[in-house]
Amino acid sequence: MTAKPPISVVSSGVVCSVGLSTAAACAAIRASIDSFAETQFIDRLGEPVLGAAIPAGALELSDEADGATLGGDRRLAHMFALAATECLQQIDGLDVARTCLVMLGPEEGRPALPEEALRRRLAAFESVCGRKLHGDARAIQGGSPGLIEALTHARELLASPSIHGVLVAGADSLLDPEEISEALSDERLLTGGSAGGFIPGEAAACVLVTRRAERDARDVQRAPALSIAGLGMAHEPQTLQARQRSRGVGLSRAIRQALEEAGIPADAVHARYADISGEPYFFEEASHAWTRVLRGPSPPGHRLFTPVTRVGHVGAAMAPLLLAIALDDARKGRAAGPNTLVHLSSSAAPRGALLVVAS
């Protein structure tokens, strides 16, 4: 059996409401800039719903037909193509034809990402970048926690010398009319009648994962990378969908798994990056889960970072966005320390965590 290689995140690409590149988005998020604005959707009180949409015209999609409007698949495909092109063009010497795509799809309870949509995103990338990815593309459903399965799959793919990289991506929108209608019905949106909800957004984010040893040998990237030191996956028995209060059981299990694989205790974690959507359930879950695993004082400057306060709830795009921000922070000397824990939740049962180390 082939040993799974150590892997690293070496580049990223981002398209979101506050920036059309990783550098622009991360700078805006660090500066606490948002682009929340009234949308065409109306809440139960007759007031416009706030959203975090990419500015009109920024994507150069003038045709409103065939999904170029908010939440449309054509729009998401173009966003993905821009983010993926940025991500892959940062790496000199990378063979794009030997780079596989793993696309994160929505969480349980939302429409799954169909095979046709995956092919459309590959075609959009080819049109924008002028190059073809490896034909072995895969979609993983499950929202943000699906990142753990994606990275596990990336380890397996990179065990083969014929694969040079794995592009882990998410392109998602909560600004679709059906999504808005359901969220309003469940009282999950931030509105005049509900102060404990989320602001829907849209984004595409990608990270490139490579073998750590090969990255150094081929010298494809001299800048600091994020080594994937530990992965954890678990299930929460008391979910938001079931209208239960979380005690952080599932998330704490996922965090423990990631820390144990990395060989790093919780009190050596310098920062936590989380996909908390803005709903009280997820803040409580994060607090309970961290209390369950922490056994000593955290390092000075320890922080919990939640970019949803700037970009809104962007669904499956949030997990790679968190990694993109962590990589940018490490490269610009803004990280609280080398050890960063990323933890991921959803309204359904899956929970995920990973420990990344800046190298």
# chains A, B, ... in the order shown; residues from 1 in each chain; ligands from 1
>>> residues_around(residues="Ala124 in chain A", least_positions_apart="5", cutoff="7 Å", atoms="only C-alpha atoms", output="list in words")
Ala77, His78 and Ala81 of chain A
>>> residues_around(residues="Gly192 in chain A", least_positions_apart="2", cutoff="8 Å", atoms="only C-alpha atoms", output="list of chain:residue names")
A:Leu45, A:Glu47, A:Leu190, A:Ser194, A:Ala195
>>> closest_residue(among="A:Glu108, A:Glu236, A:Glu182, A:Glu261", to="Glu285 in chain A", atoms="only C-alpha atoms")
A:Glu236
>>> residues_around(residues="range 2-16 of chain A", least_positions_apart="6", cutoff="9 Å", atoms="only C-alpha atoms", output="number ranges by chain")
A: 22-26, 52-54, 79-80, 82-88, 90-91, 151, 154-160, 201-213, 215, 221, 223-229, 311, 314, 320-321, 323-325, 327-328, 356
>>> residues_around(residues="range 292-299 of chain A", least_positions_apart="4", cutoff="7 Å", atoms="only C-alpha atoms", output="list in words")
Ser252, Arg256, Ala266, Asp267, Ala268, Val269, His270 and His288 of chain A
>>> write_last_selection(atoms="N, CA, C and O atoms", output="mmCIF file, in the first residue's frame")
data_model
loop_
_atom_site.group_PDB
_atom_site.id
_atom_site.type_symbol
_atom_site.label_atom_id
_atom_site.label_comp_id
_atom_site.auth_asym_id
_atom_site.auth_seq_id
_atom_site.Cartn_x
_atom_site.Cartn_y
_atom_site.Cartn_z
ATOM 1 N N SER A 252 -16.119 19.122 18.972
ATOM 2 C CA SER A 252 -14.986 18.843 19.860
ATOM 3 C C SER A 252 -14.294 17.537 19.464
ATOM 4 O O SER A 252 -13.065 17.434 19.540
ATOM 5 N N ARG A 256 -10.404 17.288 18.376
ATOM 6 C CA ARG A 256 -9.475 16.364 19.035
ATOM 7 C C ARG A 256 -8.738 15.496 18.022
ATOM 8 O O ARG A 256 -7.532 15.268 18.138
ATOM 9 N N ALA A 266 -4.164 21.576 22.398
ATOM 10 C CA ALA A 266 -5.032 22.734 22.151
ATOM 11 C C ALA A 266 -4.403 24.031 22.654
ATOM 12 O O ALA A 266 -4.596 25.091 22.051
ATOM 13 N N ASP A 267 -3.657 23.954 23.752
ATOM 14 C CA ASP A 267 -3.077 25.185 24.298
ATOM 15 C C ASP A 267 -1.851 25.670 23.515
ATOM 16 O O ASP A 267 -1.231 26.659 23.891
ATOM 17 N N ALA A 268 -1.510 24.958 22.412
ATOM 18 C CA ALA A 268 -0.443 25.419 21.524
ATOM 19 C C ALA A 268 -1.010 26.001 20.232
ATOM 20 O O ALA A 268 -0.254 26.367 19.333
ATOM 21 N N VAL A 269 -2.339 26.092 20.150
ATOM 22 C CA VAL A 269 -2.997 26.665 18.974
ATOM 23 C C VAL A 269 -3.021 28.184 19.106
ATOM 24 O O VAL A 269 -3.520 28.720 20.094
ATOM 25 N N HIS A 270 -2.493 28.869 18.110
ATOM 26 C CA HIS A 270 -2.380 30.329 18.189
ATOM 27 C C HIS A 270 -3.631 31.055 17.726
ATOM 28 O O HIS A 270 -3.884 32.192 18.130
ATOM 29 N N HIS A 288 -18.542 25.905 23.283
ATOM 30 C CA HIS A 288 -18.613 24.639 24.022
ATOM 31 C C HIS A 288 -17.513 23.674 23.567
ATOM 32 O O HIS A 288 -16.860 23.017 24.389
#
>>> atom_distance(atom1="CA of Ala349 in chain A", atom2="CA of Pro237 in chain A")
6.6 Å
>>> closest_residue(among="A:Phe36, A:Phe41, A:Phe198, A:Phe125", to="Gly278 in chain A", atoms="only C-alpha atoms")
A:Phe198
>>> closest_atom_pairs(of="range 205-278 of chain A", to="range 303-309 of chain A", cutoff="8 Å", atoms="only C-alpha atoms", output="CSV")
residue,atom,partner,partner_atom,distance
A:His270,CA,A:Arg303,CA,7.2
A:Ala271,CA,A:Arg303,CA,5.0
A:Arg272,CA,A:Leu304,CA,4.8
A:Tyr273,CA,A:Phe305,CA,4.8
A:Ala274,CA,A:Thr306,CA,5.4
A:Asp275,CA,A:Thr306,CA,6.2
A:Ile276,CA,A:Thr306,CA,6.2
A:Ser277,CA,A:Val308,CA,6.0
A:Gly278,CA,A:Val308,CA,7.1
>>> write_last_selection(atoms="all heavy atoms", output="CSV table (one decimal), in the first residue's frame")
chain,number,residue,atom,x,y,z
A,270,HIS,N,-2.5,28.9,18.1
A,270,HIS,CA,-2.4,30.3,18.2
A,270,HIS,C,-3.6,31.1,17.7
A,270,HIS,O,-3.9,32.2,18.1
A,270,HIS,CB,-1.2,30.8,17.4
A,270,HIS,CG,0.1,30.3,17.9
A,270,HIS,ND1,0.7,29.1,17.4
A,270,HIS,CD2,1.0,30.7,18.8
A,270,HIS,CE1,1.9,28.9,18.0
A,270,HIS,NE2,2.0,29.9,18.9
A,271,ALA,N,-4.4,30.4,16.8
A,271,ALA,CA,-5.6,31.1,16.3
A,271,ALA,C,-6.6,30.0,15.8
A,271,ALA,O,-6.2,28.9,15.4
A,271,ALA,CB,-5.3,32.0,15.2
A,272,ARG,N,-7.9,30.3,15.9
A,272,ARG,CA,-8.9,29.5,15.3
A,272,ARG,C,-9.6,30.3,14.2
A,272,ARG,O,-10.0,31.4,14.4
A,272,ARG,CB,-9.9,29.1,16.4
A,272,ARG,CG,-9.3,28.1,17.4
A,272,ARG,CD,-10.4,27.8,18.5
A,272,ARG,NE,-10.6,29.0,19.4
A,272,ARG,CZ,-11.7,29.3,19.9
A,272,ARG,NH1,-12.8,28.5,19.7
A,272,ARG,NH2,-11.8,30.3,20.7
A,273,TYR,N,-9.7,29.7,13.0
A,273,TYR,CA,-10.5,30.3,11.9
A,273,TYR,C,-11.7,29.4,11.8
A,273,TYR,O,-11.6,28.2,11.6
A,273,TYR,CB,-9.7,30.2,10.6
A,273,TYR,CG,-8.5,31.3,10.6
A,273,TYR,CD1,-7.8,31.6,11.7
A,273,TYR,CD2,-8.2,31.9,9.4
A,273,TYR,CE1,-6.8,32.5,11.7
A,273,TYR,CE2,-7.2,32.9,9.4
A,273,TYR,CZ,-6.5,33.1,10.5
A,273,TYR,OH,-5.4,34.0,10.5
A,274,ALA,N,-12.9,30.1,11.8
A,274,ALA,CA,-14.2,29.3,11.8
A,274,ALA,C,-15.2,29.8,10.8
A,274,ALA,O,-15.1,31.0,10.4
A,274,ALA,CB,-14.8,29.4,13.2
A,275,ASP,N,-16.0,28.9,10.3
A,275,ASP,CA,-17.1,29.3,9.4
A,275,ASP,C,-18.4,29.7,10.0
A,275,ASP,O,-19.4,29.5,9.4
A,275,ASP,CB,-17.3,28.1,8.4
A,275,ASP,CG,-17.8,26.9,9.1
A,275,ASP,OD1,-17.8,26.8,10.3
A,275,ASP,OD2,-18.4,26.0,8.4
A,276,ILE,N,-18.3,30.2,11.3
A,276,ILE,CA,-19.5,30.5,12.0
A,276,ILE,C,-20.3,31.5,11.2
A,276,ILE,O,-19.8,32.5,10.7
A,276,ILE,CB,-19.1,31.2,13.4
A,276,ILE,CG1,-18.4,30.2,14.2
A,276,ILE,CG2,-20.3,31.8,14.1
A,276,ILE,CD1,-17.8,30.7,15.5
A,277,SER,N,-21.6,31.2,11.0
A,277,SER,CA,-22.4,32.0,10.1
A,277,SER,C,-23.0,33.2,10.7
A,277,SER,O,-23.5,34.1,9.9
A,277,SER,CB,-23.6,31.1,9.6
A,277,SER,OG,-24.5,30.9,10.6
A,278,GLY,N,-23.0,33.4,12.0
A,278,GLY,CA,-23.6,34.6,12.6
A,278,GLY,C,-24.8,34.2,13.4
A,278,GLY,O,-25.4,35.0,14.1
>>> select_by_dssp(residues="range 48-277 of chain A", states="alpha helix (DSSP H)", output="number ranges by chain")
A: 73-89, 115-129, 146-158, 177-185, 212-218, 249-262
>>> write_last_selection(atoms="C-alpha atoms", output="short mmCIF file (atom, residue, chain, number, x, y, z; two decimals), in the first residue's frame")
data_model
loop_
_atom_site.label_atom_id
_atom_site.label_comp_id
_atom_site.auth_asym_id
_atom_site.auth_seq_id
_atom_site.Cartn_x
_atom_site.Cartn_y
_atom_site.Cartn_z
CA ASP A 73 -24.93 28.54 -11.93
CA ARG A 74 -23.43 30.41 -14.87
CA ARG A 75 -22.42 33.20 -12.49
CA LEU A 76 -20.91 30.70 -10.03
CA ALA A 77 -19.03 28.94 -12.83
CA HIS A 78 -17.45 32.22 -13.94
CA MET A 79 -16.54 33.12 -10.35
CA PHE A 80 -14.87 29.73 -9.92
CA ALA A 81 -12.95 30.14 -13.18
CA LEU A 82 -11.53 33.49 -12.06
CA ALA A 83 -10.53 32.18 -8.62
CA ALA A 84 -9.01 28.97 -10.03
CA THR A 85 -7.02 30.88 -12.64
CA GLU A 86 -5.56 33.17 -9.97
CA CYS A 87 -4.70 30.20 -7.78
CA LEU A 88 -2.90 28.17 -10.45
CA GLN A 89 -1.09 31.05 -12.12
CA GLU A 115 -22.45 16.53 -12.52
CA GLU A 116 -23.60 18.94 -15.23
CA ALA A 117 -22.72 21.94 -13.04
CA LEU A 118 -19.27 20.48 -12.35
CA ARG A 119 -18.63 20.11 -16.09
CA ARG A 120 -19.84 23.67 -16.64
CA ARG A 121 -17.32 24.96 -14.12
CA LEU A 122 -14.50 23.03 -15.78
CA ALA A 123 -15.52 24.49 -19.15
CA ALA A 124 -15.61 28.01 -17.68
CA PHE A 125 -12.09 27.55 -16.29
CA GLU A 126 -10.82 26.36 -19.67
CA SER A 127 -12.40 29.39 -21.35
CA VAL A 128 -10.87 31.89 -18.88
CA CYS A 129 -7.48 30.23 -18.34
CA GLY A 146 -16.65 18.54 3.21
CA LEU A 147 -13.20 20.16 3.14
CA ILE A 148 -11.91 17.34 5.37
CA GLU A 149 -13.05 14.68 2.89
CA ALA A 150 -11.60 16.79 0.07
CA LEU A 151 -8.18 17.00 1.72
CA THR A 152 -8.26 13.29 2.56
CA HIS A 153 -8.97 12.60 -1.11
CA ALA A 154 -6.16 15.00 -2.07
CA ARG A 155 -3.72 12.95 0.02
CA GLU A 156 -4.79 9.83 -1.85
CA LEU A 157 -4.47 11.48 -5.26
CA LEU A 158 -1.05 12.94 -4.48
CA PRO A 177 -34.48 33.01 -4.44
CA GLU A 178 -35.22 29.49 -3.19
CA GLU A 179 -32.41 29.69 -0.62
CA ILE A 180 -33.65 33.07 0.60
CA SER A 181 -37.25 31.86 0.83
CA GLU A 182 -36.28 28.81 2.88
CA ALA A 183 -33.97 30.79 5.17
CA LEU A 184 -36.73 33.35 5.80
CA SER A 185 -39.20 30.56 6.53
CA ARG A 212 5.28 18.92 0.59
CA ALA A 213 8.53 17.23 -0.44
CA GLU A 214 7.86 17.64 -4.17
CA ARG A 215 7.03 21.29 -3.69
CA ASP A 216 10.48 21.90 -2.21
CA ALA A 217 12.30 19.71 -4.75
CA ARG A 218 10.64 21.26 -7.79
CA VAL A 249 -19.93 17.32 21.11
CA GLY A 250 -19.36 16.60 17.43
CA LEU A 251 -17.13 19.60 16.81
CA SER A 252 -14.99 18.84 19.86
CA ARG A 253 -14.46 15.29 18.57
CA ALA A 254 -13.36 16.59 15.18
CA ILE A 255 -10.98 19.07 16.83
CA ARG A 256 -9.47 16.36 19.03
CA GLN A 257 -8.86 14.15 16.02
CA ALA A 258 -7.07 16.94 14.16
CA LEU A 259 -4.95 17.88 17.17
CA GLU A 260 -4.04 14.26 17.91
CA GLU A 261 -2.97 13.59 14.33
CA ALA A 262 -0.88 16.76 14.37
#
>>> select_by_dssp(residues="range 91-320 of chain A", states="strand (DSSP E or B)", output="PyMOL selection string")
chain A and resi 99-104+138-140+165-173+189+191+194+198+200-211+226-235+271-274+303-305+313
>>> residues_around(residues="Thr39 in chain A", least_positions_apart="4", cutoff="8 Å", atoms="only C-alpha atoms", output="VMD selection string")
chain A and resid 48 to 51
>>> write_last_selection(atoms="N, CA, C and O atoms", output="compact mmCIF listing (two decimals), in the first residue's frame")
# COMPACT_ATOMS: atom_id res chain seq x y z
N PRO A 48 -36.28 45.20 2.80
CA PRO A 48 -35.30 44.50 1.96
C PRO A 48 -34.32 43.67 2.81
O PRO A 48 -33.91 44.09 3.88
N VAL A 49 -33.99 42.50 2.30
CA VAL A 49 -33.01 41.63 2.95
C VAL A 49 -31.60 42.11 2.60
O VAL A 49 -31.32 42.41 1.44
N LEU A 50 -30.73 42.20 3.59
CA LEU A 50 -29.34 42.54 3.33
C LEU A 50 -28.62 41.35 2.70
O LEU A 50 -28.88 40.20 3.05
N GLY A 51 -27.69 41.65 1.78
CA GLY A 51 -26.91 40.59 1.16
C GLY A 51 -25.50 41.07 0.87
O GLY A 51 -25.21 42.27 0.90
>>> atom_distance(atom1="CA of Ala330 in chain A", atom2="CA of Ala28 in chain A")
16.4 Å
>>> residues_around(residues="Leu354 in chain A", least_positions_apart="5", cutoff="6 Å", atoms="only C-alpha atoms", output="PDB file with N, CA, C and O atoms, in the first residue's frame")
ATOM      1  N   GLY A 230      -3.019  17.901  10.553  1.00  0.00           N
ATOM      2  CA  GLY A 230      -4.004  17.002  11.141  1.00  0.00           C
ATOM      3  C   GLY A 230      -5.400  17.269  10.624  1.00  0.00           C
ATOM      4  O   GLY A 230      -5.768  18.424  10.385  1.00  0.00           O
ATOM      5  N   LEU A 231      -6.156  16.188  10.434  1.00  0.00           N
ATOM      6  CA  LEU A 231      -7.535  16.290   9.962  1.00  0.00           C
ATOM      7  C   LEU A 231      -8.459  15.562  10.925  1.00  0.00           C
ATOM      8  O   LEU A 231      -8.087  14.534  11.495  1.00  0.00           O
ATOM      9  N   ALA A 258      -8.052  16.134  14.894  1.00  0.00           N
ATOM     10  CA  ALA A 258      -7.074  16.937  14.159  1.00  0.00           C
ATOM     11  C   ALA A 258      -5.846  17.229  15.011  1.00  0.00           C
ATOM     12  O   ALA A 258      -4.702  17.126  14.540  1.00  0.00           O
ATOM     13  N   LEU A 341      -5.901  26.436  13.873  1.00  0.00           N
ATOM     14  CA  LEU A 341      -6.965  25.438  13.814  1.00  0.00           C
ATOM     15  C   LEU A 341      -8.122  26.017  13.002  1.00  0.00           C
ATOM     16  O   LEU A 341      -8.591  27.115  13.285  1.00  0.00           O
ATOM     17  N   VAL A 342      -8.557  25.276  11.996  1.00  0.00           N
ATOM     18  CA  VAL A 342      -9.728  25.645  11.206  1.00  0.00           C
ATOM     19  C   VAL A 342     -10.842  24.679  11.587  1.00  0.00           C
ATOM     20  O   VAL A 342     -10.671  23.467  11.473  1.00  0.00           O
TER      21      VAL A 342
END
